[in-house]
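Participant: Enclosed is the structure file upload_0.txt (compact mmCIF, C-alpha atoms).
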# COMPACT_ATOMS: atom_id res chain seq x y z
CA MET A 1 101.54 -16.77 116.79
CA ASP A 2 104.39 -19.19 117.47
CA ASP A 3 107.61 -17.62 116.15
CA ARG A 4 109.41 -20.97 116.14
CA LYS A 5 106.82 -22.45 113.81
CA MET A 6 107.04 -19.39 111.60
CA GLU A 7 110.84 -19.26 111.58
CA ASP A 8 111.29 -20.53 108.03
CA VAL A 9 108.71 -18.11 106.64
CA LEU A 10 110.20 -15.18 108.52
CA ARG A 11 113.60 -16.15 107.15
CA VAL A 12 112.21 -16.04 103.60
CA ILE A 13 110.85 -12.53 104.25
CA GLU A 14 114.14 -11.33 105.71
CA LEU A 15 116.18 -12.79 102.82
CA CYS A 16 113.94 -11.09 100.22
CA ARG A 17 114.11 -7.76 102.03
CA SER A 18 117.88 -7.85 102.30
CA VAL A 19 118.13 -8.45 98.54
CA GLU A 20 115.64 -5.63 97.83
CA ARG A 21 117.59 -3.21 100.03
CA SER A 22 120.93 -3.94 98.40
CA SER A 23 122.11 -4.21 94.82
CA ALA A 24 122.65 -7.95 95.28
CA ASN A 25 121.80 -10.35 92.46
CA PRO A 26 118.07 -11.19 92.87
CA PHE A 27 118.74 -14.61 91.33
CA GLU A 28 120.50 -15.51 94.58
CA VAL A 29 117.00 -16.14 95.93
CA ASP A 30 115.84 -19.60 94.88
CA ILE A 31 112.18 -18.76 94.24
CA ARG A 32 111.14 -22.37 93.56
CA ASP A 33 112.67 -23.57 96.84
CA LYS A 34 111.07 -20.76 98.86
CA ILE A 35 107.64 -21.42 97.34
CA ARG A 36 108.07 -25.10 98.22
CA ILE A 37 108.73 -24.09 101.85
CA LEU A 38 105.63 -21.90 101.90
CA ARG A 39 103.51 -24.64 100.34
CA GLU A 40 104.68 -27.22 102.87
CA LYS A 41 103.96 -24.90 105.78
CA LEU A 42 100.60 -23.60 104.56
CA PRO A 43 98.41 -26.43 106.01
CA GLN A 44 99.83 -25.70 109.50
CA TRP A 45 98.51 -22.13 109.63
CA LYS A 46 95.24 -21.72 111.49
CA PHE A 47 95.27 -18.13 112.68
CA LEU A 48 94.89 -14.94 110.71
CA ASP A 49 98.28 -13.61 111.87
CA GLU A 50 100.00 -16.69 110.53
CA LEU A 51 98.23 -16.45 107.20
CA LEU A 52 99.15 -12.77 106.95
CA VAL A 53 102.84 -13.56 107.47
CA ASP A 54 102.55 -16.26 104.83
CA SER A 55 101.00 -13.83 102.33
CA GLU A 56 103.66 -11.26 103.20
CA ALA A 57 106.34 -13.81 102.31
CA MET A 58 104.56 -14.44 99.01
CA LEU A 59 104.46 -10.69 98.32
CA GLU A 60 108.20 -10.38 99.01
CA LEU A 61 108.86 -13.25 96.61
CA THR A 62 106.89 -11.45 93.87
CA GLN A 63 109.07 -8.38 94.46
CA ILE A 64 112.13 -10.55 93.91
CA VAL A 65 110.64 -11.93 90.67
CA LYS A 66 110.10 -8.32 89.56
CA LEU A 67 113.73 -7.50 90.34
CA GLN A 68 114.83 -10.60 88.44
CA ASP A 69 112.86 -9.33 85.44
CA GLU A 70 114.60 -5.91 85.62
CA TRP A 71 117.95 -7.62 86.07
CA LEU A 72 117.45 -9.76 82.96
CA LYS A 73 116.29 -6.78 80.89
CA HIS A 74 119.39 -4.81 81.91
CA ARG A 75 121.70 -7.72 81.15
CA ALA A 76 120.07 -8.18 77.76
CA SER A 77 120.57 -4.49 76.94
CA SER A 78 123.77 -3.26 75.39
CA LEU A 79 124.53 -1.41 78.65
CA TYR A 80 125.51 -4.66 80.33
CA ILE A 81 129.24 -5.04 80.83
CA ASP A 82 130.98 -7.15 83.42
CA PRO A 83 130.63 -5.08 86.65
CA LEU A 84 134.13 -5.87 87.87
CA LEU A 85 135.64 -4.72 84.59
CA VAL A 86 133.75 -1.41 84.72
CA GLN A 87 134.68 -0.80 88.35
CA LEU A 88 138.32 -1.64 87.72
CA LYS A 89 138.44 0.68 84.71
CA VAL A 90 136.83 3.55 86.64
CA LYS A 91 139.29 3.03 89.51
CA LEU A 92 142.29 3.01 87.20
CA LEU A 93 141.34 5.89 84.91
CA SER A 94 142.51 9.41 85.63
CA LYS A 95 139.91 12.08 86.43
CA ASP A 96 140.69 13.80 83.13
CA ALA A 97 139.99 10.62 81.17
CA LEU A 98 136.69 10.15 83.01
CA VAL A 99 135.66 13.74 82.32
CA GLU A 100 136.60 13.41 78.67
CA ALA A 101 134.48 10.25 78.33
CA PHE A 102 131.58 12.03 80.01
CA VAL A 103 131.80 15.19 77.92
CA LYS A 104 131.99 13.16 74.68
CA SER A 105 128.66 11.49 75.50
CA TRP A 106 126.96 14.62 76.86
CA HIS A 107 124.23 16.52 74.98
CA PRO A 108 123.23 19.36 77.33
CA ILE A 109 119.66 20.60 77.14
CA ALA A 110 119.40 24.01 75.47
CA GLN A 111 116.80 26.23 77.08
CA VAL A 112 116.16 29.85 77.83
CA ASP A 113 114.87 30.62 81.27
CA GLN A 114 115.09 34.40 81.07
CA LEU A 115 112.07 36.63 80.71
CA SER A 116 111.23 37.70 77.18
CA PRO A 117 110.15 41.32 76.55
CA LYS A 118 106.63 39.99 75.91
CA GLY A 119 106.66 38.06 79.19
CA LEU A 120 107.91 41.14 81.03
CA GLU A 121 105.08 43.18 79.52
CA ARG A 122 102.51 40.58 80.57
CA ALA A 123 103.91 40.56 84.10
CA PHE A 124 103.74 44.37 84.23
CA VAL A 125 100.13 44.42 83.03
CA TYR A 126 99.22 41.70 85.53
CA PHE A 127 100.68 43.57 88.49
CA ARG A 128 99.30 46.91 87.31
CA ASP A 129 95.78 45.46 87.16
CA LEU A 130 96.06 43.39 90.30
CA VAL A 131 93.45 44.37 92.91
CA PRO A 132 95.00 45.12 96.34
CA LEU A 133 94.75 42.30 98.87
CA SER A 134 92.32 44.26 101.03
CA GLU A 135 89.92 44.57 98.07
CA ARG A 136 90.43 41.18 96.47
CA PHE A 137 88.01 39.02 98.50
CA LYS A 138 85.40 41.68 99.29
CA ASP A 139 82.79 40.30 96.89
CA GLU A 140 83.06 36.78 98.23
CA PHE A 141 83.73 37.25 101.92
CA GLY A 142 82.83 40.85 102.66
CA SER A 143 85.40 43.34 103.87
CA TYR A 144 87.04 40.90 106.29
CA GLY A 145 88.51 38.71 103.58
CA VAL A 146 91.90 37.26 104.37
CA ARG A 147 94.31 35.70 101.97
CA PRO A 148 94.49 31.92 101.90
CA GLY A 149 96.86 30.52 104.47
CA THR A 150 97.83 27.12 105.76
CA VAL A 151 95.85 25.19 108.32
CA ASP A 152 97.61 22.72 110.53
CA TYR A 153 96.21 19.69 112.30
CA SER A 154 95.71 21.38 115.71
CA GLU A 155 93.72 24.18 114.07
CA LEU A 156 91.47 21.64 112.34
CA VAL A 157 90.82 19.96 115.71
CA GLU A 158 90.08 23.35 117.28
CA LEU A 159 87.69 24.21 114.47
CA GLY A 160 85.86 20.95 115.06
CA VAL A 161 86.55 19.63 111.56
CA PHE A 162 88.14 16.61 113.22
CA THR A 163 88.30 15.15 116.68
CA GLN A 164 91.69 13.69 117.52
CA GLN A 165 90.20 10.17 117.54
CA GLU A 166 88.48 10.67 114.21
CA PHE A 167 91.61 12.06 112.62
CA GLU A 168 93.71 9.10 113.73
CA ASN A 169 91.05 6.64 112.59
CA ARG A 170 90.90 8.26 109.17
CA LEU A 171 94.69 8.19 108.90
CA LYS A 172 94.68 4.50 109.82
CA ASP A 173 91.95 3.73 107.26
CA LEU A 174 93.79 5.59 104.52
CA MET A 175 97.07 3.82 105.39
CA LEU A 176 95.28 0.47 105.20
CA GLU A 177 93.71 1.37 101.87
CA LEU A 178 97.07 2.48 100.47
CA THR A 179 98.78 -0.70 101.70
CA GLU A 180 96.08 -2.83 100.05
CA LYS A 181 96.08 -0.89 96.79
CA SER A 182 99.83 -0.53 96.42
CA GLY A 183 100.84 -3.96 97.75
CA GLY A 184 104.42 -2.70 97.94
CA ASP A 185 104.24 -1.25 94.45
CA TRP A 186 103.77 2.33 93.24
CA VAL A 187 100.21 3.49 92.55
CA ASP A 188 99.11 6.59 90.70
CA TYR A 189 98.80 9.45 93.22
CA ARG A 190 95.96 11.24 91.45
CA ALA A 191 93.96 8.06 91.00
CA PHE A 192 94.46 7.23 94.68
CA VAL A 193 93.32 10.59 96.08
CA SER A 194 90.39 10.90 93.67
CA ALA A 195 86.95 10.83 95.28
CA ARG A 196 83.35 11.48 94.37
CA THR A 197 83.35 15.03 95.66
CA PHE A 198 86.06 17.67 95.54
CA GLU A 199 85.91 18.04 99.34
CA ASP A 200 86.63 14.34 99.82
CA LYS A 201 89.48 14.54 97.34
CA VAL A 202 91.10 17.44 99.23
CA LEU A 203 90.64 15.56 102.50
CA ARG A 204 92.29 12.42 101.11
CA ALA A 205 95.20 14.45 99.74
CA TYR A 206 95.56 16.21 103.10
CA LEU A 207 95.59 12.93 105.05
CA LEU A 208 98.01 11.34 102.60
CA SER A 209 100.39 14.28 103.03
CA PHE A 210 100.43 13.44 106.77
CA LEU A 211 101.34 9.81 106.06
CA ILE A 212 104.11 10.94 103.71
CA SER A 213 105.46 13.53 106.20
CA GLU A 214 105.55 10.85 108.89
CA GLY A 215 107.53 8.55 106.59
CA ARG A 216 104.77 5.92 106.46
CA ALA A 217 104.19 6.46 102.76
CA SER A 218 106.40 7.63 99.97
CA LEU A 219 106.00 9.87 96.92
CA LYS A 220 107.77 9.76 93.57
CA ILE A 221 107.54 12.35 90.80
CA ASP A 222 108.88 11.83 87.30
CA PRO A 223 109.66 15.32 85.97
CA LEU A 224 109.75 14.02 82.40
CA THR A 225 106.28 12.50 82.40
CA GLY A 226 104.80 14.64 85.18
CA GLU A 227 103.41 11.47 86.76
CA ILE A 228 103.16 11.19 90.53
CA TRP A 229 103.18 7.86 92.33
CA THR A 230 102.75 6.91 95.93
CA ARG A 231 103.09 3.75 97.97
CA ALA A 232 102.82 2.55 101.55
CA LEU A 233 106.08 1.80 103.34
CA LYS A 234 106.53 -1.23 105.54
CA GLU A 235 109.09 0.57 107.65
CA ARG A 236 109.30 4.28 108.34
CA ALA A 237 111.47 6.01 105.77
CA GLN A 238 114.86 7.25 106.90
CA GLY A 239 116.65 10.28 105.54
CA THR A 240 115.91 13.95 105.06
CA PRO A 241 112.31 14.72 104.04
CA ARG A 242 111.67 17.13 101.17
CA SER A 243 108.71 19.43 100.59
CA VAL A 244 106.73 18.95 97.39
CA ALA A 245 103.79 21.11 96.33
CA ILE A 246 101.03 19.26 94.47
CA SER A 247 97.94 21.09 93.35
CA VAL A 248 94.61 19.38 93.95
CA THR A 249 92.02 20.60 91.49
CA GLU A 250 88.44 19.77 90.71
CA GLY A 251 87.93 17.14 88.02
CA THR A 252 91.15 15.37 87.02
CA MET B 1 104.88 23.56 47.67
CA GLU B 2 102.46 26.46 47.45
CA SER B 3 103.70 29.69 48.96
CA GLU B 4 100.79 29.70 51.44
CA ASP B 5 101.63 26.19 52.62
CA ARG B 6 105.28 27.14 52.95
CA ALA B 7 104.38 30.21 55.01
CA LEU B 8 102.17 28.08 57.28
CA LEU B 9 104.92 25.51 57.75
CA GLU B 10 107.46 28.22 58.56
CA ARG B 11 105.08 29.74 61.10
CA LYS B 12 104.58 26.37 62.78
CA VAL B 13 108.31 25.60 62.84
CA ARG B 14 108.95 28.99 64.42
CA ARG B 15 106.22 28.33 66.98
CA ALA B 16 107.69 24.88 67.75
CA PHE B 17 111.10 26.43 68.38
CA GLN B 18 109.65 29.05 70.71
CA VAL B 19 107.67 26.44 72.63
CA LEU B 20 110.76 24.25 73.04
CA VAL B 21 113.29 26.90 73.91
CA LEU B 22 111.35 28.73 76.63
CA GLN B 23 111.30 26.91 79.92
CA ARG B 24 107.84 26.66 81.43
CA GLY B 25 107.70 25.44 84.99
CA ARG B 26 110.44 23.44 86.63
CA ASN B 27 110.86 20.76 84.02
CA PRO B 28 112.58 21.19 80.70
CA GLY B 29 110.98 20.15 77.44
CA VAL B 30 107.43 19.87 76.19
CA LYS B 31 105.10 16.88 76.28
CA GLY B 32 103.68 15.34 73.10
CA TRP B 33 100.13 16.38 73.93
CA GLU B 34 101.25 19.99 74.44
CA MET B 35 103.00 19.91 71.07
CA LYS B 36 99.80 18.62 69.49
CA ARG B 37 97.88 21.49 71.07
CA HIS B 38 100.33 24.11 69.81
CA LEU B 39 101.10 22.67 66.36
CA GLY B 40 98.26 20.35 65.41
CA LYS B 41 98.21 16.59 64.97
CA ASP B 42 101.06 16.60 62.43
CA TYR B 43 103.43 17.98 65.06
CA ARG B 44 105.98 15.21 64.52
CA LYS B 45 106.57 16.39 60.95
CA ILE B 46 107.03 19.97 62.19
CA ILE B 47 109.51 18.71 64.80
CA GLU B 48 111.46 16.85 62.10
CA VAL B 49 111.71 20.02 60.03
CA LEU B 50 112.73 22.04 63.09
CA SER B 51 115.36 19.48 64.08
CA GLU B 52 116.82 19.77 60.59
CA ASP B 53 116.68 23.60 60.72
CA VAL B 54 118.41 23.91 64.09
CA SER B 55 121.16 21.48 63.09
CA SER B 56 123.05 24.41 61.57
CA LEU B 57 123.12 25.88 65.10
CA GLY B 58 124.45 22.61 66.52
CA LEU B 59 121.13 21.65 68.12
CA GLU B 60 118.57 18.86 67.71
CA VAL B 61 115.13 18.01 68.99
CA HIS B 62 115.45 14.92 71.16
CA GLU B 63 112.55 12.71 72.20
CA VAL B 64 112.48 10.98 75.58
CA LYS B 65 109.85 8.25 75.66
CA GLY B 66 107.44 8.40 78.60
CA ALA B 67 106.73 5.52 80.96
CA GLU B 68 103.66 4.42 79.02
CA GLY B 69 105.40 4.68 75.64
CA THR B 70 102.62 6.73 73.98
CA ASP B 71 103.20 9.70 71.66
CA ASP B 72 101.35 12.02 74.05
CA GLY B 73 103.56 10.94 76.97
CA SER B 74 106.86 11.56 75.15
CA ARG B 75 108.84 14.64 76.11
CA PHE B 76 110.62 16.70 73.48
CA LEU B 77 113.76 18.62 74.35
CA LEU B 78 116.08 20.89 72.49
CA ARG B 79 119.64 19.74 73.12
CA PHE B 80 123.16 19.94 71.71
CA ARG B 81 123.46 17.79 68.58
CA GLU B 82 127.15 17.17 69.22
CA PRO B 83 128.74 16.99 72.66
CA PRO B 84 130.47 20.21 73.78
CA THR B 85 134.24 20.46 73.87
CA LEU B 86 135.98 20.17 77.21
CA SER B 87 136.65 23.91 77.33
CA GLU B 88 132.96 24.63 76.55
CA ALA B 89 131.94 22.27 79.35
CA GLU B 90 134.29 24.12 81.71
CA THR B 91 132.60 27.42 80.92
CA SER B 92 129.17 25.99 81.87
CA GLY B 93 129.98 26.53 85.55
CA ILE B 94 130.29 22.86 86.46
CA ARG B 95 133.60 21.84 88.04
CA ILE B 96 135.54 19.24 86.12
CA ASP B 97 136.04 17.19 89.30
CA ASP B 98 132.26 17.11 89.81
CA LEU B 99 131.78 15.82 86.26
CA ALA B 100 134.31 13.06 86.97
CA VAL B 101 132.29 12.03 90.06
CA LEU B 102 129.10 11.96 87.96
CA ALA B 103 130.74 9.90 85.20
CA ALA B 104 132.07 7.39 87.76
CA ALA B 105 128.71 7.25 89.58
CA ILE B 106 126.74 6.58 86.37
CA ALA B 107 129.23 3.87 85.32
CA PHE B 108 129.04 2.28 88.79
CA VAL B 109 125.21 2.29 88.92
CA ASN B 110 125.04 0.82 85.41
CA SER B 111 127.56 -1.85 86.36
CA LYS B 112 125.23 -2.81 89.22
CA GLN B 113 122.34 -3.47 86.82
CA GLY B 114 120.89 0.01 87.29
CA ARG B 115 120.55 -0.01 91.10
CA ALA B 116 123.33 0.53 93.61
CA GLY B 117 123.22 1.27 97.33
CA ARG B 118 124.08 4.87 98.20
CA ARG B 119 126.65 3.69 100.74
CA GLU B 120 128.44 1.29 98.43
CA THR B 121 128.46 3.97 95.70
CA GLU B 122 130.02 6.45 98.14
CA HIS B 123 132.50 3.82 99.28
CA PHE B 124 133.48 3.10 95.68
CA LEU B 125 133.82 6.78 94.77
CA ARG B 126 135.83 7.58 97.91
CA GLU B 127 138.63 5.41 96.58
CA LYS B 128 139.07 8.00 93.89
CA PHE B 129 137.70 11.29 95.20
CA PRO B 130 137.76 13.07 98.59
CA LYS B 131 134.86 12.19 100.91
CA TRP B 132 133.44 15.72 101.02
CA ARG B 133 133.38 15.96 97.23
CA VAL B 134 131.63 12.61 96.84
CA GLU B 135 128.80 13.51 99.24
CA TYR B 136 128.43 17.04 97.89
CA SER B 137 128.42 15.93 94.25
CA LEU B 138 125.99 13.05 94.77
CA ASP B 139 123.52 15.35 96.58
CA ARG B 140 123.87 17.92 93.84
CA TYR B 141 123.27 15.41 91.04
CA LEU B 142 120.30 13.93 92.88
CA LYS B 143 118.78 17.42 93.06
CA ARG B 144 119.46 18.06 89.37
CA GLY B 145 117.85 14.79 88.32
CA TYR B 146 120.96 13.03 86.99
CA LEU B 147 120.52 10.37 89.69
CA GLU B 148 117.52 9.18 91.69
CA GLN B 149 117.40 7.76 95.19
CA ASP B 150 114.53 5.66 96.55
CA ASP B 151 113.31 5.05 100.11
CA MET B 152 115.75 2.20 100.56
CA THR B 153 118.65 4.54 99.65
CA LEU B 154 119.22 2.72 96.37
CA LEU B 155 120.58 4.94 93.61
CA ARG B 156 119.25 4.69 90.06
CA ILE B 157 119.89 6.55 86.82
CA GLY B 158 117.83 9.77 86.77
CA TRP B 159 115.63 11.32 84.10
CA ARG B 160 118.20 13.97 83.20
CA THR B 161 120.86 11.38 82.48
CA ARG B 162 118.38 9.62 80.18
CA ALA B 163 117.69 12.94 78.42
CA GLU B 164 121.23 14.31 78.13
CA ILE B 165 123.71 11.46 78.22
CA ASP B 166 124.32 8.78 75.66
CA GLU B 167 124.97 6.07 78.25
CA LYS B 168 126.12 3.50 75.70
CA THR B 169 128.80 5.90 74.41
CA LEU B 170 129.86 6.77 77.96
CA MET B 171 130.33 3.12 78.95
CA THR B 172 132.14 2.32 75.70
CA LEU B 173 134.49 5.29 76.11
CA ILE B 174 135.28 4.41 79.72
CA LEU B 175 136.08 0.83 78.78
CA SER B 176 138.09 1.74 75.72
CA ARG B 177 140.47 4.17 77.46
CA GLY B 178 144.04 3.00 77.24
CA ALA B 179 146.68 2.36 79.85
CA ASP B 180 148.28 5.74 79.10
CA GLU B 181 145.25 7.49 80.63
CA VAL B 182 145.27 5.68 83.96
CA ALA B 183 145.57 7.60 87.17
CA PRO B 184 149.04 7.85 88.69
CA ALA B 185 149.63 5.47 91.62
CA GLN B 186 149.08 7.13 95.00
As a first step, turn the structure in this file into structure tokens.

Facilitator:
Amino acid sequence: MDDRKMEDVLRVIELCRSVERSSANPFEVDIRDKIRILREKLPQWKFLDELLVDSEAMLELTQIVKLQDEWLKHRASSLYIDPLLVQLKVKLLSKDALVEAFVKSWHPIAQVDQLSPKGLERAFVYFRDLVPLSERFKDEFGSYGVRPGTVDYSELVELGVFTQQEFENRLKDLMLELTEKSGGDWVDYRAFVSARTFEDKVLRAYLLSFLISEGRASLKIDPLTGEIWTRALKERAQGTPRSVAISVTEGT
Amino acid sequence: MESEDRALLERKVRRAFQVLVLQRGRNPGVKGWEMKRHLGKDYRKIIEVLSEDVSSLGLEVHEVKGAEGTDDGSRFLLRFREPPTLSEAETSGIRIDDLAVLAAAIAFVNSKQGRAGRRETEHFLREKFPKWRVEYSLDRYLKRGYLEQDDMTLLRIGWRTRAEIDEKTLMTLILSRGADEVAPAQ
């Protein structure tokens, strides 16, 4: 691939990414002009690599169009006020005035998170009737039952569930699948990990957790809706990782 | 209304209150489909009656629409009908200075069309608050769900702000403050 030939396309990609990464006005990207550039260059591309860069530029442009849509919606809402005016006001106001404005628009959630007497009774009955650990798995696994623990990658290799090569190939395949399905956008986590058998589903969730831990994919949870989304990342994520527990069950 | 119907309605309203007030899991509130399961398909009517009943206690049932906009996806929360007084807010354990940081951060993110870089937000807030407080408060409000941060370190308004804060009122109040409430020159 000749970088000089691709320079204009690479510049389009870089411009789009810089706008996505910042809070800059997405309308600063002249979509029509950039599409014209891509259209003019398209007949020159002969190799797969070149075509992939071209499609990447197109994808970045669609992200900008999406941001433009969000931008317009926000401006059309009653929340839109001249940014400079808001920033100037916030800078000039005293802390007390800011707090007063906040408190006057605040409706704290009212909730009880203490145990009720009924809940306490249920907990007592549960623990009273709980079979000791040593007895719990006797029926299923005999007297050598152990409680469920965590298995890491090296243990799986040792057990022969994976060879190192196989594991890396599977990770690569899953990453490719996620990149294709998400196309830079969020996809439903549960739909993505779903498979024909429960075993396959667990495996996909396990592999995806590796991609997320390595910063190659990202996870988003909306506590209000309970929805979980994932997407492939073009660049490794920076910042402090957080642990999230997601249960993988049979069926849904 | 027949006395039997009234008794049934009262039972359902009581059940709705119990379901809403007890926190289950990490997230506050109850989804529409859970309400339907507990109260039947006419759960919205029960919620209306409950919201009216708890108004005497200064509470209301608030609905936060889900991403897909369906009834089942909505989340119902019990929240203060009227905002608390400043002294009540102080007794909630949150420092007043931290609330000021949150108010300024929400106003800043909204002024940036709902997405602002973490760095530029910190830079903006540092003109008003000490550096350590800005970082500490932002992290704290990210954890509590008032703000969200994506992979590209862009800050957005979080689910808790959407549930608890009347953003339109906040922005209007900030803009309408007079010159007598401005911070003294440093």

Participant: When you draw a straight line from atom CA of Glu250 of chain A to atom CA of Leu39 of chain B, how long is it in Å?

Facilitator: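 So the answer is 27.6 Å.
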
Participant: If you count all atoms listed in the file, which residues fall within 6 Å of segment 160-167 of chain B, apart from same-chain ones fewer than 5 positions away, as number ranges by chain?

Facilitator: A: 105-108; B: 145-146

Participant: Looking at A:Lys172, A:Val99, A:Glu155, A:Lys89, which one is nearest to Ser176 of chain B, with distances taken over only C-alpha atoms?

Facilitator: A:Lys89

Participant: Give me, as a Markdown table, the closest atom pair and its distance (Å, one decimal) for every residue of chain A within a cut-off of 8 Å of chain B, counting only C-alpha atoms, rows sorted by chain and rising number.

Facilitator:
| residue | atom | partner | partner_atom | distance |
| --- | --- | --- | --- | --- |
| A:Arg21 | CA | B:Met152 | CA | 5.7 |
| A:Ser22 | CA | B:Gly117 | CA | 5.8 |
| A:Ser23 | CA | B:Ala116 | CA | 5.0 |
| A:Trp71 | CA | B:Gln113 | CA | 6.1 |
| A:His74 | CA | B:Gln113 | CA | 5.9 |
| A:Arg75 | CA | B:Gln113 | CA | 7.1 |
| A:Ser78 | CA | B:Lys168 | CA | 7.2 |
| A:Leu79 | CA | B:Lys168 | CA | 5.9 |
| A:Tyr80 | CA | B:Ser111 | CA | 7.0 |
| A:Ile81 | CA | B:Ser111 | CA | 6.6 |
| A:Asp82 | CA | B:Ser111 | CA | 7.0 |
| A:Pro83 | CA | B:Ser111 | CA | 4.5 |
| A:Leu84 | CA | B:Ser111 | CA | 7.8 |
| A:Val86 | CA | B:Ser111 | CA | 6.4 |
| A:Gln87 | CA | B:Phe108 | CA | 6.4 |
| A:Lys89 | CA | B:Leu175 | CA | 6.4 |
| A:Val90 | CA | B:Ala104 | CA | 6.2 |
| A:Lys91 | CA | B:Lys128 | CA | 6.6 |
| A:Leu92 | CA | B:Val182 | CA | 5.1 |
| A:Leu93 | CA | B:Val182 | CA | 4.0 |
| A:Ser94 | CA | B:Ala183 | CA | 3.9 |
| A:Lys95 | CA | B:Ala100 | CA | 5.7 |
| A:Asp96 | CA | B:Ala100 | CA | 7.5 |
| A:Ala97 | CA | B:Glu181 | CA | 6.1 |
| A:Leu98 | CA | B:Ala100 | CA | 5.5 |
| A:Val99 | CA | B:Ala100 | CA | 4.9 |
| A:Glu100 | CA | B:Leu86 | CA | 6.9 |
| A:Ala101 | CA | B:Leu173 | CA | 5.4 |
| A:Phe102 | CA | B:Ala103 | CA | 5.7 |
| A:Val103 | CA | B:Pro83 | CA | 6.3 |
| A:Lys104 | CA | B:Pro83 | CA | 5.4 |
| A:Ser105 | CA | B:Asp166 | CA | 5.1 |
| A:Trp106 | CA | B:Ile165 | CA | 4.7 |
| A:His107 | CA | B:Phe80 | CA | 4.9 |
| A:Pro108 | CA | B:Glu164 | CA | 5.5 |
| A:Ile109 | CA | B:Arg79 | CA | 4.1 |
| A:Ala110 | CA | B:Arg79 | CA | 4.9 |
| A:Gln111 | CA | B:Val21 | CA | 4.8 |
| A:Val112 | CA | B:Leu22 | CA | 5.1 |
| A:Asp113 | CA | B:Gln23 | CA | 5.3 |
| A:Ser218 | CA | B:Asp151 | CA | 7.4 |
| A:Asp222 | CA | B:Trp159 | CA | 7.5 |
| A:Pro223 | CA | B:Asn27 | CA | 5.9 |
| A:Leu224 | CA | B:Arg75 | CA | 6.4 |
| A:Thr225 | CA | B:Gly66 | CA | 5.7 |
| A:Ala237 | CA | B:Asp151 | CA | 6.0 |
| A:Gln238 | CA | B:Asp151 | CA | 7.3 |

Participant: Would you mind reading off the distance between atom CA of Leu174 of chain A and atom CA of Arg204 of chain A, one decimal, in Å?

Facilitator: 7.8 Å

Participant: For atom CA of Lys66 of chain A and atom CA of Ala191 of chain A, determine how far apart the two atoms are, in Å to one decimal place.

Facilitator: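 Those two atoms sit 23.0 Å apart.
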
Participant: Of the candidates B:Glu48, B:Arg37, B:Asp5, B:Arg95, which one gets nearest to Arg140 of chain B if we count all atoms listed in the file?

Facilitator: B:Arg95

Participant: Fewer than 3 positions away in the same chain doesn't count, so skip those; otherwise give me all residues within 9 Å of Arg190 of chain A, counting only C-alpha atoms, as an NGL selection string.

Facilitator: :A and (187 or 193-194 or 205 or 227-229 or 248 or 252)

Participant: Using only C-alpha atoms, which of the listed residues (A:Leu59, A:Gln68, A:Arg11, A:Pro43) sits closest to Ala24 of chain A?

Facilitator: A:Gln68

Participant: Which residues, written as JSON, numbers by chain, have at least one atom at most 10 Å from Val29 of chain A, with only C-alpha atoms counted and residues fewer than 2 positions away on the same chain left out?

Facilitator: {"A": [12, 15, 16, 19, 24, 25, 26, 27, 31, 32, 33, 34, 61, 64, 65, 68]}

Participant: Any idea what's packed within 12 Å of Glu10 of chain B, counting all atoms listed in the file, ignoring anything in its chain fewer than 2 positions away? Could you give it as a ChimeraX atom specification?

Facilitator: /B:3-8,12-17,39,46-47,49-50,53
